[in-house]
>>> print(open('upload-v2.pdb').read())   # PDB, C-alpha atoms and all ligand atoms
MODEL        1
ATOM      1  CA  MET A  14    -153.696 -27.088-111.608  1.00  0.00           C
ATOM      2  CA  THR A  15    -150.694 -24.745-111.434  1.00  0.00           C
ATOM      3  CA  HIS A  16    -148.902 -23.405-108.371  1.00  0.00           C
ATOM      4  CA  ILE A  17    -150.828 -22.548-105.237  1.00  0.00           C
ATOM      5  CA  ALA A  18    -149.725 -19.820-102.851  1.00  0.00           C
ATOM      6  CA  LEU A  19    -150.465 -20.406 -99.187  1.00  0.00           C
ATOM      7  CA  ASN A  20    -150.561 -17.778 -96.454  1.00  0.00           C
ATOM      8  CA  HIS A  21    -148.279 -19.686 -94.092  1.00  0.00           C
ATOM      9  CA  GLY A  22    -146.788 -22.725 -95.832  1.00  0.00           C
ATOM     10  CA  ALA A  23    -147.152 -26.474 -95.406  1.00  0.00           C
ATOM     11  CA  ILE A  24    -145.116 -29.290 -93.896  1.00  0.00           C
ATOM     12  CA  VAL A  25    -145.621 -32.674 -95.500  1.00  0.00           C
ATOM     13  CA  LEU A  26    -144.745 -35.732 -93.412  1.00  0.00           C
ATOM     14  CA  THR A  27    -144.509 -38.799 -95.579  1.00  0.00           C
ATOM     15  CA  ALA A  28    -143.371 -42.405 -95.157  1.00  0.00           C
ATOM     16  CA  PRO A  29    -144.358 -46.003 -95.627  1.00  0.00           C
ATOM     17  CA  SER A  30    -147.231 -46.978 -93.348  1.00  0.00           C
ATOM     18  CA  GLY A  31    -145.839 -48.141 -89.973  1.00  0.00           C
ATOM     19  CA  SER A  32    -142.809 -45.819 -90.011  1.00  0.00           C
ATOM     20  CA  GLY A  33    -144.062 -43.897 -87.008  1.00  0.00           C
ATOM     21  CA  LYS A  34    -145.105 -40.932 -89.134  1.00  0.00           C
ATOM     22  CA  THR A  35    -148.464 -40.438 -87.418  1.00  0.00           C
ATOM     23  CA  THR A  36    -146.870 -40.594 -83.943  1.00  0.00           C
ATOM     24  CA  ILE A  37    -144.289 -38.017 -85.034  1.00  0.00           C
ATOM     25  CA  ALA A  38    -147.091 -35.881 -86.521  1.00  0.00           C
ATOM     26  CA  ARG A  39    -148.838 -35.935 -83.133  1.00  0.00           C
ATOM     27  CA  TYR A  40    -145.700 -34.766 -81.288  1.00  0.00           C
ATOM     28  CA  THR A  41    -145.156 -32.063 -83.914  1.00  0.00           C
ATOM     29  CA  ILE A  42    -148.673 -30.669 -83.486  1.00  0.00           C
ATOM     30  CA  GLY A  43    -148.133 -30.780 -79.708  1.00  0.00           C
ATOM     31  CA  ALA A  44    -144.912 -28.772 -79.995  1.00  0.00           C
ATOM     32  CA  PHE A  45    -146.269 -26.222 -82.465  1.00  0.00           C
ATOM     33  CA  PRO A  46    -149.922 -25.602 -81.625  1.00  0.00           C
ATOM     34  CA  GLU A  47    -150.213 -23.107 -84.478  1.00  0.00           C
ATOM     35  CA  LEU A  48    -149.940 -26.017 -86.953  1.00  0.00           C
ATOM     36  CA  GLN A  49    -153.218 -26.979 -88.601  1.00  0.00           C
ATOM     37  CA  PHE A  50    -153.635 -30.681 -89.366  1.00  0.00           C
ATOM     38  CA  SER A  51    -155.015 -31.391 -92.830  1.00  0.00           C
ATOM     39  CA  THR A  52    -157.752 -34.009 -92.472  1.00  0.00           C
ATOM     40  CA  SER A  53    -157.783 -36.175 -95.599  1.00  0.00           C
ATOM     41  CA  ALA A  54    -160.681 -37.930 -97.262  1.00  0.00           C
ATOM     42  CA  THR A  55    -160.564 -41.721 -97.631  1.00  0.00           C
ATOM     43  CA  THR A  56    -162.694 -44.630 -98.777  1.00  0.00           C
ATOM     44  CA  ARG A  57    -161.188 -47.081 -96.280  1.00  0.00           C
ATOM     45  CA  SER A  58    -163.331 -48.150 -93.320  1.00  0.00           C
ATOM     46  CA  PRO A  59    -162.803 -46.313 -90.029  1.00  0.00           C
ATOM     47  CA  ARG A  60    -160.801 -48.070 -87.296  1.00  0.00           C
ATOM     48  CA  ASP A  61    -162.532 -48.392 -83.887  1.00  0.00           C
ATOM     49  CA  TYR A  62    -161.093 -45.201 -82.460  1.00  0.00           C
ATOM     50  CA  GLU A  63    -161.403 -43.061 -85.601  1.00  0.00           C
ATOM     51  CA  GLU A  64    -163.941 -40.244 -85.925  1.00  0.00           C
ATOM     52  CA  ASP A  65    -165.343 -38.854 -89.141  1.00  0.00           C
ATOM     53  CA  GLY A  66    -164.075 -35.317 -89.737  1.00  0.00           C
ATOM     54  CA  VAL A  67    -161.260 -35.733 -87.182  1.00  0.00           C
ATOM     55  CA  HIS A  68    -158.995 -38.540 -88.383  1.00  0.00           C
ATOM     56  CA  TYR A  69    -160.432 -38.609 -91.897  1.00  0.00           C
ATOM     57  CA  TYR A  70    -163.499 -37.639 -93.868  1.00  0.00           C
ATOM     58  CA  PHE A  71    -164.819 -41.141 -94.524  1.00  0.00           C
ATOM     59  CA  LEU A  72    -166.461 -41.285 -97.952  1.00  0.00           C
ATOM     60  CA  SER A  73    -167.983 -44.026-100.076  1.00  0.00           C
ATOM     61  CA  LYS A  74    -166.166 -44.873-103.307  1.00  0.00           C
ATOM     62  CA  GLU A  75    -168.977 -43.147-105.249  1.00  0.00           C
ATOM     63  CA  GLU A  76    -168.714 -39.959-103.168  1.00  0.00           C
ATOM     64  CA  PHE A  77    -164.932 -39.928-103.583  1.00  0.00           C
ATOM     65  CA  GLU A  78    -165.151 -40.439-107.341  1.00  0.00           C
ATOM     66  CA  GLN A  79    -167.703 -37.617-107.636  1.00  0.00           C
ATOM     67  CA  LYS A  80    -165.242 -35.309-105.903  1.00  0.00           C
ATOM     68  CA  ILE A  81    -162.473 -36.415-108.277  1.00  0.00           C
ATOM     69  CA  GLU A  82    -164.749 -35.597-111.229  1.00  0.00           C
ATOM     70  CA  ALA A  83    -165.604 -32.218-109.715  1.00  0.00           C
ATOM     71  CA  GLY A  84    -161.887 -31.391-109.313  1.00  0.00           C
ATOM     72  CA  GLU A  85    -162.173 -31.061-105.525  1.00  0.00           C
ATOM     73  CA  PHE A  86    -158.830 -32.705-104.692  1.00  0.00           C
ATOM     74  CA  LEU A  87    -155.432 -31.069-104.482  1.00  0.00           C
ATOM     75  CA  GLU A  88    -154.097 -34.598-104.875  1.00  0.00           C
ATOM     76  CA  TYR A  89    -155.441 -38.109-104.409  1.00  0.00           C
ATOM     77  CA  GLU A  90    -154.003 -41.607-104.664  1.00  0.00           C
ATOM     78  CA  GLU A  91    -155.305 -45.121-104.725  1.00  0.00           C
ATOM     79  CA  VAL A  92    -152.799 -45.891-101.959  1.00  0.00           C
ATOM     80  CA  TYR A  93    -153.953 -49.537-101.756  1.00  0.00           C
ATOM     81  CA  PRO A  94    -156.001 -51.368-104.394  1.00  0.00           C
ATOM     82  CA  GLY A  95    -159.580 -50.092-104.144  1.00  0.00           C
ATOM     83  CA  CYS A  96    -158.702 -47.612-101.386  1.00  0.00           C
ATOM     84  CA  TYR A  97    -158.534 -43.907-102.195  1.00  0.00           C
ATOM     85  CA  TYR A  98    -156.986 -41.199-100.039  1.00  0.00           C
ATOM     86  CA  GLY A  99    -156.921 -37.509-100.929  1.00  0.00           C
ATOM     87  CA  THR A 100    -156.379 -33.935 -99.800  1.00  0.00           C
ATOM     88  CA  LEU A 101    -159.407 -31.721-100.373  1.00  0.00           C
ATOM     89  CA  ILE A 102    -158.721 -28.224-101.720  1.00  0.00           C
ATOM     90  CA  SER A 103    -161.547 -26.909 -99.506  1.00  0.00           C
ATOM     91  CA  GLU A 104    -159.814 -28.355 -96.408  1.00  0.00           C
ATOM     92  CA  LEU A 105    -156.469 -26.836 -97.391  1.00  0.00           C
ATOM     93  CA  PHE A 106    -157.906 -23.337 -97.888  1.00  0.00           C
ATOM     94  CA  ARG A 107    -160.035 -23.605 -94.734  1.00  0.00           C
ATOM     95  CA  ILE A 108    -157.052 -24.345 -92.490  1.00  0.00           C
ATOM     96  CA  ASP A 109    -154.669 -22.045 -94.379  1.00  0.00           C
ATOM     97  CA  LYS A 110    -156.640 -19.145 -92.875  1.00  0.00           C
ATOM     98  CA  GLU A 111    -155.732 -20.409 -89.393  1.00  0.00           C
ATOM     99  CA  GLY A 112    -152.001 -21.084 -89.684  1.00  0.00           C
ATOM    100  CA  PRO A 113    -149.270 -23.256 -91.239  1.00  0.00           C
ATOM    101  CA  ILE A 114    -150.416 -26.689 -92.371  1.00  0.00           C
ATOM    102  CA  LEU A 115    -149.256 -30.200 -91.484  1.00  0.00           C
ATOM    103  CA  LEU A 116    -150.053 -33.035 -93.895  1.00  0.00           C
ATOM    104  CA  ASP A 117    -149.550 -36.747 -93.213  1.00  0.00           C
ATOM    105  CA  ILE A 118    -149.811 -38.390 -96.642  1.00  0.00           C
ATOM    106  CA  ASP A 119    -148.255 -41.083 -98.828  1.00  0.00           C
ATOM    107  CA  VAL A 120    -145.120 -40.513-100.907  1.00  0.00           C
ATOM    108  CA  LYS A 121    -146.806 -39.989-104.265  1.00  0.00           C
ATOM    109  CA  GLY A 122    -149.229 -37.486-102.751  1.00  0.00           C
ATOM    110  CA  ALA A 123    -146.283 -35.735-101.095  1.00  0.00           C
ATOM    111  CA  MET A 124    -144.542 -35.356-104.475  1.00  0.00           C
ATOM    112  CA  LYS A 125    -147.676 -33.798-105.978  1.00  0.00           C
ATOM    113  CA  VAL A 126    -148.166 -31.399-103.081  1.00  0.00           C
ATOM    114  CA  LYS A 127    -144.537 -30.293-103.352  1.00  0.00           C
ATOM    115  CA  GLN A 128    -144.919 -29.768-107.089  1.00  0.00           C
ATOM    116  CA  LEU A 129    -148.030 -27.618-106.562  1.00  0.00           C
ATOM    117  CA  LEU A 130    -146.872 -25.680-103.504  1.00  0.00           C
ATOM    118  CA  GLN A 131    -143.154 -25.487-104.372  1.00  0.00           C
ATOM    119  CA  ASP A 132    -141.299 -23.344-101.808  1.00  0.00           C
ATOM    120  CA  SER A 133    -144.470 -22.991 -99.738  1.00  0.00           C
ATOM    121  CA  ALA A 134    -143.950 -26.625 -98.688  1.00  0.00           C
ATOM    122  CA  ILE A 135    -141.274 -28.936 -97.323  1.00  0.00           C
ATOM    123  CA  THR A 136    -141.402 -32.709 -97.483  1.00  0.00           C
ATOM    124  CA  ILE A 137    -140.002 -34.786 -94.608  1.00  0.00           C
ATOM    125  CA  PHE A 138    -139.550 -38.524 -95.212  1.00  0.00           C
ATOM    126  CA  ILE A 139    -139.768 -40.642 -92.059  1.00  0.00           C
ATOM    127  CA  HIS A 140    -137.576 -43.654 -92.698  1.00  0.00           C
ATOM    128  CA  PRO A 141    -138.212 -46.905 -90.781  1.00  0.00           C
ATOM    129  CA  PRO A 142    -135.016 -48.641 -89.605  1.00  0.00           C
ATOM    130  CA  SER A 143    -135.730 -51.682 -91.846  1.00  0.00           C
ATOM    131  CA  LEU A 144    -138.546 -53.536 -93.579  1.00  0.00           C
ATOM    132  CA  GLU A 145    -138.360 -56.227 -90.881  1.00  0.00           C
ATOM    133  CA  GLU A 146    -138.859 -53.609 -88.164  1.00  0.00           C
ATOM    134  CA  LEU A 147    -141.702 -52.102 -90.190  1.00  0.00           C
ATOM    135  CA  LYS A 148    -143.385 -55.507 -90.319  1.00  0.00           C
ATOM    136  CA  GLN A 149    -143.011 -55.891 -86.536  1.00  0.00           C
ATOM    137  CA  ARG A 150    -144.581 -52.484 -85.988  1.00  0.00           C
ATOM    138  CA  LEU A 151    -147.541 -53.222 -88.236  1.00  0.00           C
ATOM    139  CA  VAL A 152    -148.068 -56.598 -86.520  1.00  0.00           C
ATOM    140  CA  GLN A 153    -147.883 -54.966 -83.066  1.00  0.00           C
ATOM    141  CA  ARG A 154    -150.316 -52.251 -84.124  1.00  0.00           C
ATOM    142  CA  GLY A 155    -152.778 -55.057 -84.753  1.00  0.00           C
ATOM    143  CA  THR A 156    -155.077 -52.978 -86.946  1.00  0.00           C
ATOM    144  CA  GLU A 157    -154.465 -54.920 -90.162  1.00  0.00           C
ATOM    145  CA  SER A 158    -155.583 -58.336 -91.391  1.00  0.00           C
ATOM    146  CA  ASN A 159    -152.878 -60.631 -92.822  1.00  0.00           C
ATOM    147  CA  GLU A 160    -153.888 -59.751 -96.355  1.00  0.00           C
ATOM    148  CA  TRP A 161    -153.670 -56.029 -95.641  1.00  0.00           C
ATOM    149  CA  LEU A 162    -150.362 -56.518 -93.887  1.00  0.00           C
ATOM    150  CA  SER A 163    -148.744 -58.019 -96.965  1.00  0.00           C
ATOM    151  CA  THR A 164    -150.308 -55.332 -99.213  1.00  0.00           C
ATOM    152  CA  ARG A 165    -148.871 -52.644 -96.943  1.00  0.00           C
ATOM    153  CA  LEU A 166    -145.417 -54.270 -96.839  1.00  0.00           C
ATOM    154  CA  GLN A 167    -145.333 -54.658-100.595  1.00  0.00           C
ATOM    155  CA  ARG A 168    -146.237 -51.008-100.964  1.00  0.00           C
ATOM    156  CA  ALA A 169    -143.661 -49.986 -98.339  1.00  0.00           C
ATOM    157  CA  LYS A 170    -140.818 -51.412-100.472  1.00  0.00           C
ATOM    158  CA  GLU A 171    -141.853 -49.167-103.357  1.00  0.00           C
ATOM    159  CA  GLU A 172    -142.383 -46.174-101.082  1.00  0.00           C
ATOM    160  CA  MET A 173    -138.834 -46.410 -99.697  1.00  0.00           C
ATOM    161  CA  THR A 174    -137.513 -45.516-103.144  1.00  0.00           C
ATOM    162  CA  TYR A 175    -138.953 -42.006-102.788  1.00  0.00           C
ATOM    163  CA  ARG A 176    -136.791 -41.009 -99.841  1.00  0.00           C
ATOM    164  CA  ASP A 177    -134.175 -39.190-101.915  1.00  0.00           C
ATOM    165  CA  ARG A 178    -136.822 -37.061-103.588  1.00  0.00           C
ATOM    166  CA  CYS A 179    -137.880 -35.516-100.277  1.00  0.00           C
ATOM    167  CA  ASP A 180    -136.378 -32.328 -98.825  1.00  0.00           C
ATOM    168  CA  HIS A 181    -135.437 -34.033 -95.532  1.00  0.00           C
ATOM    169  CA  VAL A 182    -135.032 -37.620 -94.305  1.00  0.00           C
ATOM    170  CA  VAL A 183    -135.476 -38.545 -90.637  1.00  0.00           C
ATOM    171  CA  VAL A 184    -134.594 -42.123 -89.642  1.00  0.00           C
ATOM    172  CA  ASN A 185    -136.963 -43.368 -86.976  1.00  0.00           C
ATOM    173  CA  ASP A 186    -134.966 -46.035 -85.154  1.00  0.00           C
ATOM    174  CA  ASP A 187    -135.170 -44.029 -81.935  1.00  0.00           C
ATOM    175  CA  LEU A 188    -138.485 -42.216 -81.579  1.00  0.00           C
ATOM    176  CA  GLU A 189    -137.236 -39.503 -79.227  1.00  0.00           C
ATOM    177  CA  GLN A 190    -134.382 -38.603 -81.556  1.00  0.00           C
ATOM    178  CA  ALA A 191    -136.601 -38.753 -84.641  1.00  0.00           C
ATOM    179  CA  VAL A 192    -139.079 -36.378 -82.971  1.00  0.00           C
ATOM    180  CA  GLU A 193    -136.262 -34.012 -81.997  1.00  0.00           C
ATOM    181  CA  GLU A 194    -134.909 -33.944 -85.566  1.00  0.00           C
ATOM    182  CA  THR A 195    -138.372 -33.376 -87.009  1.00  0.00           C
ATOM    183  CA  LEU A 196    -139.094 -30.529 -84.592  1.00  0.00           C
ATOM    184  CA  SER A 197    -135.824 -28.879 -85.521  1.00  0.00           C
ATOM    185  CA  ILE A 198    -136.632 -29.054 -89.269  1.00  0.00           C
ATOM    186  CA  VAL A 199    -140.164 -27.750 -88.659  1.00  0.00           C
ATOM    187  CA  SER A 200    -138.883 -24.970 -86.420  1.00  0.00           C
ATOM    188  CA  GLN A 201    -136.458 -23.754 -89.098  1.00  0.00           C
ATOM    189  CA  PHE A 202    -139.160 -23.841 -91.750  1.00  0.00           C
ATOM    190  CA  LEU A 203    -141.652 -21.910 -89.622  1.00  0.00           C
ATOM    191  CA  LYS A 204    -139.010 -19.385 -88.702  1.00  0.00           C
ATOM    192  CA  ALA A 205    -138.234 -18.830 -92.387  1.00  0.00           C
ATOM    193  CA  LYS A 206    -141.955 -18.393 -93.053  1.00  0.00           C
ATOM    194  CA  HIS A 207    -142.211 -15.963 -90.103  1.00  0.00           C
ATOM    195  CA  CYS A 208    -144.800 -18.195 -88.468  1.00  0.00           C
ATOM    196  CA  HIS A 209    -142.943 -18.899 -85.257  1.00  0.00           C
ATOM    197  CA  ASN A 210    -140.183 -17.591 -83.060  1.00  0.00           C
ATOM    198  CA  GLY A 211    -138.316 -20.857 -83.683  1.00  0.00           C
ATOM    199  CA  GLN A 212    -138.830 -22.402 -80.238  1.00  0.00           C
ATOM    200  CA  PRO A 213    -140.531 -25.797 -80.263  1.00  0.00           C
TER     201      PRO A 213
HETATM  202  P1  LIG B   1    -153.842 -45.326 -93.059  1.00  0.00           P
HETATM  203  O1  LIG B   1    -154.820 -46.236 -93.739  1.00  0.00           O
HETATM  204  O2  LIG B   1    -152.776 -46.087 -92.298  1.00  0.00           O
HETATM  205  O3  LIG B   1    -154.514 -44.254 -92.224  1.00  0.00           O
HETATM  206  O4  LIG B   1    -153.076 -44.523 -94.212  1.00  0.00           O
HETATM  207  C1  LIG B   1    -152.460 -45.199 -95.254  1.00  0.00           C
HETATM  208  C2  LIG B   1    -151.554 -44.270 -96.014  1.00  0.00           C
HETATM  209  O5  LIG B   1    -152.321 -43.278 -96.711  1.00  0.00           O
HETATM  210  C3  LIG B   1    -150.592 -43.494 -95.112  1.00  0.00           C
HETATM  211  O6  LIG B   1    -149.308 -43.481 -95.723  1.00  0.00           O
HETATM  212  C4  LIG B   1    -151.190 -42.122 -95.086  1.00  0.00           C
HETATM  213  O7  LIG B   1    -150.220 -41.138 -94.807  1.00  0.00           O
HETATM  214  C5  LIG B   1    -151.714 -42.023 -96.502  1.00  0.00           C
HETATM  215  N1  LIG B   1    -152.662 -40.921 -96.669  1.00  0.00           N
HETATM  216  C6  LIG B   1    -153.512 -40.417 -95.752  1.00  0.00           C
HETATM  217  N2  LIG B   1    -154.184 -39.373 -96.242  1.00  0.00           N
HETATM  218  C7  LIG B   1    -153.726 -39.177 -97.503  1.00  0.00           C
HETATM  219  C8  LIG B   1    -154.034 -38.217 -98.532  1.00  0.00           C
HETATM  220  O8  LIG B   1    -154.835 -37.308 -98.388  1.00  0.00           O
HETATM  221  N3  LIG B   1    -153.365 -38.354 -99.701  1.00  0.00           N
HETATM  222  C9  LIG B   1    -152.461 -39.340 -99.920  1.00  0.00           C
HETATM  223  N4  LIG B   1    -151.857 -39.354-101.100  1.00  0.00           N
HETATM  224  N5  LIG B   1    -152.154 -40.248 -98.988  1.00  0.00           N
HETATM  225  C10 LIG B   1    -152.777 -40.176 -97.784  1.00  0.00           C
ENDMDL
END
>>> encode(input="upload-v2.pdb", output="structure tokens")
Amino acid sequence: MTHIALNHGAIVLTAPSGSGKTTIARYTIGAFPELQFSTSATTRSPRDYEEDGVHYYFLSKEEFEQKIEAGEFLEYEEVYPGCYYGTLISELFRIDKEGPILLDIDVKGAMKVKQLLQDSAITIFIHPPSLEELKQRLVQRGTESNEWLSTRLQRAKEEMTYRDRCDHVVVNDDLEQAVEETLSIVSQFLKAKHCHNGQP
């Protein structure tokens, strides 16, 4: 696939799991209601509160692999062993009609999206204060088994190495400040894309 031109542009929030990226994504959508959240597809099981088609499109491994074969993904990653996550091209084009796009995806996916969308996209890396803090957050979240916790922490170490390849880095040691910084970056981007008057 070569470059893709979007009507409004895309903001890619990326980070190791537990960095607060999803919380920051929620505040960002709240501040800029014109942003369209890109719902990804995944083969992982839904958490209690998650709804199909809202948080993710939950697919079986077979369904996901069929879509890979059919070339239906903009990007996809086996983020954890046996667990696929991906951005559907159909989802991207559907929401691109409505407004600028917000993606919340892993670092490798973020690199691919940037490569495909180029100046239509910015990548923002949400940096956790430390791996120890990240561990505490994942433990507090209580959604992972011990085995998953160590898989996620192992992966987080690798993911941290991608920070310098992102357009912006926001350190999330103080949530309020991290949200403020993110909103300012998003505001500037939307202003440049003529999507917003620049006021969060
Ligand atoms: P979780 O299981 O905590 O919802 O997500 C695990 C990781 O997968 C997070 O870093 C999340 O951002 C990432 N992720 C979610 N959707 C996608 C996607 O469509 N593509 C890629 N590459 N990663 C994704």
>>> residues_near_ligand(input="upload-v2.pdb", ligand="ligand LIG 1 (chain B)", cutoff="10 Å", atoms="all atoms listed in the file", output="PyMOL selection string")
chain A and resi 25-32+34-35+51-60+63+68-70+86-93+96-101+116-126+151+156-157+165+168-169+172
>>> residues_around(input="upload-v2.pdb", residues="Gly112 in chain A", least_positions_apart="3", cutoff="9 Å", atoms="only C-alpha atoms", output="PyMOL selection string")
chain A and resi 20-22+47-49+108-109+208
>>> residues_around(input="upload-v2.pdb", residues="Lys206 in chain A", least_positions_apart="4", cutoff="12 Å", atoms="all atoms listed in the file", output="PyMOL selection string")
chain A and resi 19-24+112-114+132-135+199-202+210-211
>>> closest_residue(input="upload-v2.pdb", among="A:His207, A:Arg178, A:Leu196, A:Gln153", to="Ala44 in chain A", atoms="all atoms listed in the file")
A:Leu196
>>> closest_residue(input="upload-v2.pdb", among="A:Val183, A:Ala18, A:Leu72, A:Leu203", to="Pro141 in chain A", atoms="all atoms listed in the file")
A:Val183
>>> build_atoms(input="upload-v2.pdb", residues="range 36-44 of chain A", atoms="all heavy atoms", output="mmCIF file, in the coordinates of the input")
data_model
loop_
_atom_site.group_PDB
_atom_site.id
_atom_site.type_symbol
_atom_site.label_atom_id
_atom_site.label_comp_id
_atom_site.auth_asym_id
_atom_site.auth_seq_id
_atom_site.Cartn_x
_atom_site.Cartn_y
_atom_site.Cartn_z
ATOM 1 N N THR A 36 -147.310 -40.907 -85.314
ATOM 2 C CA THR A 36 -146.870 -40.594 -83.943
ATOM 3 C C THR A 36 -146.040 -39.313 -83.967
ATOM 4 O O THR A 36 -146.243 -38.412 -83.142
ATOM 5 C CB THR A 36 -145.993 -41.748 -83.382
ATOM 6 O OG1 THR A 36 -146.702 -42.953 -83.555
ATOM 7 C CG2 THR A 36 -145.643 -41.549 -81.933
ATOM 8 N N ILE A 37 -145.138 -39.211 -84.926
ATOM 9 C CA ILE A 37 -144.289 -38.017 -85.034
ATOM 10 C C ILE A 37 -145.155 -36.799 -85.358
ATOM 11 O O ILE A 37 -144.941 -35.713 -84.817
ATOM 12 C CB ILE A 37 -143.158 -38.249 -86.064
ATOM 13 C CG1 ILE A 37 -142.203 -39.313 -85.511
ATOM 14 C CG2 ILE A 37 -142.415 -36.955 -86.369
ATOM 15 C CD1 ILE A 37 -141.082 -39.733 -86.426
ATOM 16 N N ALA A 38 -146.171 -36.991 -86.187
ATOM 17 C CA ALA A 38 -147.091 -35.881 -86.521
ATOM 18 C C ALA A 38 -147.771 -35.382 -85.239
ATOM 19 O O ALA A 38 -147.908 -34.174 -85.028
ATOM 20 C CB ALA A 38 -148.130 -36.344 -87.532
ATOM 21 N N ARG A 39 -148.157 -36.309 -84.379
ATOM 22 C CA ARG A 39 -148.838 -35.935 -83.133
ATOM 23 C C ARG A 39 -147.911 -35.099 -82.236
ATOM 24 O O ARG A 39 -148.304 -34.079 -81.704
ATOM 25 C CB ARG A 39 -149.300 -37.204 -82.396
ATOM 26 C CG ARG A 39 -150.716 -37.061 -81.874
ATOM 27 C CD ARG A 39 -151.216 -38.332 -81.209
ATOM 28 N NE ARG A 39 -151.357 -39.457 -82.113
ATOM 29 C CZ ARG A 39 -150.867 -40.683 -81.897
ATOM 30 N NH1 ARG A 39 -150.194 -40.943 -80.787
ATOM 31 N NH2 ARG A 39 -151.051 -41.644 -82.757
ATOM 32 N N TYR A 40 -146.669 -35.526 -82.098
ATOM 33 C CA TYR A 40 -145.700 -34.766 -81.288
ATOM 34 C C TYR A 40 -145.464 -33.383 -81.899
ATOM 35 O O TYR A 40 -145.295 -32.394 -81.198
ATOM 36 C CB TYR A 40 -144.356 -35.502 -81.207
ATOM 37 C CG TYR A 40 -144.324 -36.591 -80.158
ATOM 38 C CD1 TYR A 40 -144.343 -37.936 -80.505
ATOM 39 C CD2 TYR A 40 -144.261 -36.269 -78.796
ATOM 40 C CE1 TYR A 40 -144.309 -38.945 -79.542
ATOM 41 C CE2 TYR A 40 -144.217 -37.270 -77.827
ATOM 42 C CZ TYR A 40 -144.243 -38.597 -78.216
ATOM 43 O OH TYR A 40 -144.216 -39.576 -77.258
ATOM 44 N N THR A 41 -145.438 -33.334 -83.226
ATOM 45 C CA THR A 41 -145.156 -32.063 -83.914
ATOM 46 C C THR A 41 -146.288 -31.065 -83.661
ATOM 47 O O THR A 41 -146.040 -29.896 -83.355
ATOM 48 C CB THR A 41 -144.949 -32.317 -85.429
ATOM 49 O OG1 THR A 41 -143.967 -33.336 -85.583
ATOM 50 C CG2 THR A 41 -144.507 -31.070 -86.149
ATOM 51 N N ILE A 42 -147.517 -31.542 -83.757
ATOM 52 C CA ILE A 42 -148.673 -30.669 -83.486
ATOM 53 C C ILE A 42 -148.626 -30.200 -82.020
ATOM 54 O O ILE A 42 -148.928 -29.046 -81.714
ATOM 55 C CB ILE A 42 -150.007 -31.416 -83.736
ATOM 56 C CG1 ILE A 42 -150.173 -31.765 -85.212
ATOM 57 C CG2 ILE A 42 -151.190 -30.643 -83.194
ATOM 58 C CD1 ILE A 42 -150.895 -30.758 -86.061
ATOM 59 N N GLY A 43 -148.224 -31.119 -81.137
ATOM 60 C CA GLY A 43 -148.133 -30.780 -79.708
ATOM 61 C C GLY A 43 -147.106 -29.683 -79.453
ATOM 62 O O GLY A 43 -147.311 -28.804 -78.621
ATOM 63 N N ALA A 44 -145.998 -29.740 -80.211
ATOM 64 C CA ALA A 44 -144.912 -28.772 -79.995
ATOM 65 C C ALA A 44 -145.204 -27.428 -80.653
ATOM 66 O O ALA A 44 -144.720 -26.393 -80.204
ATOM 67 C CB ALA A 44 -143.604 -29.351 -80.531
#
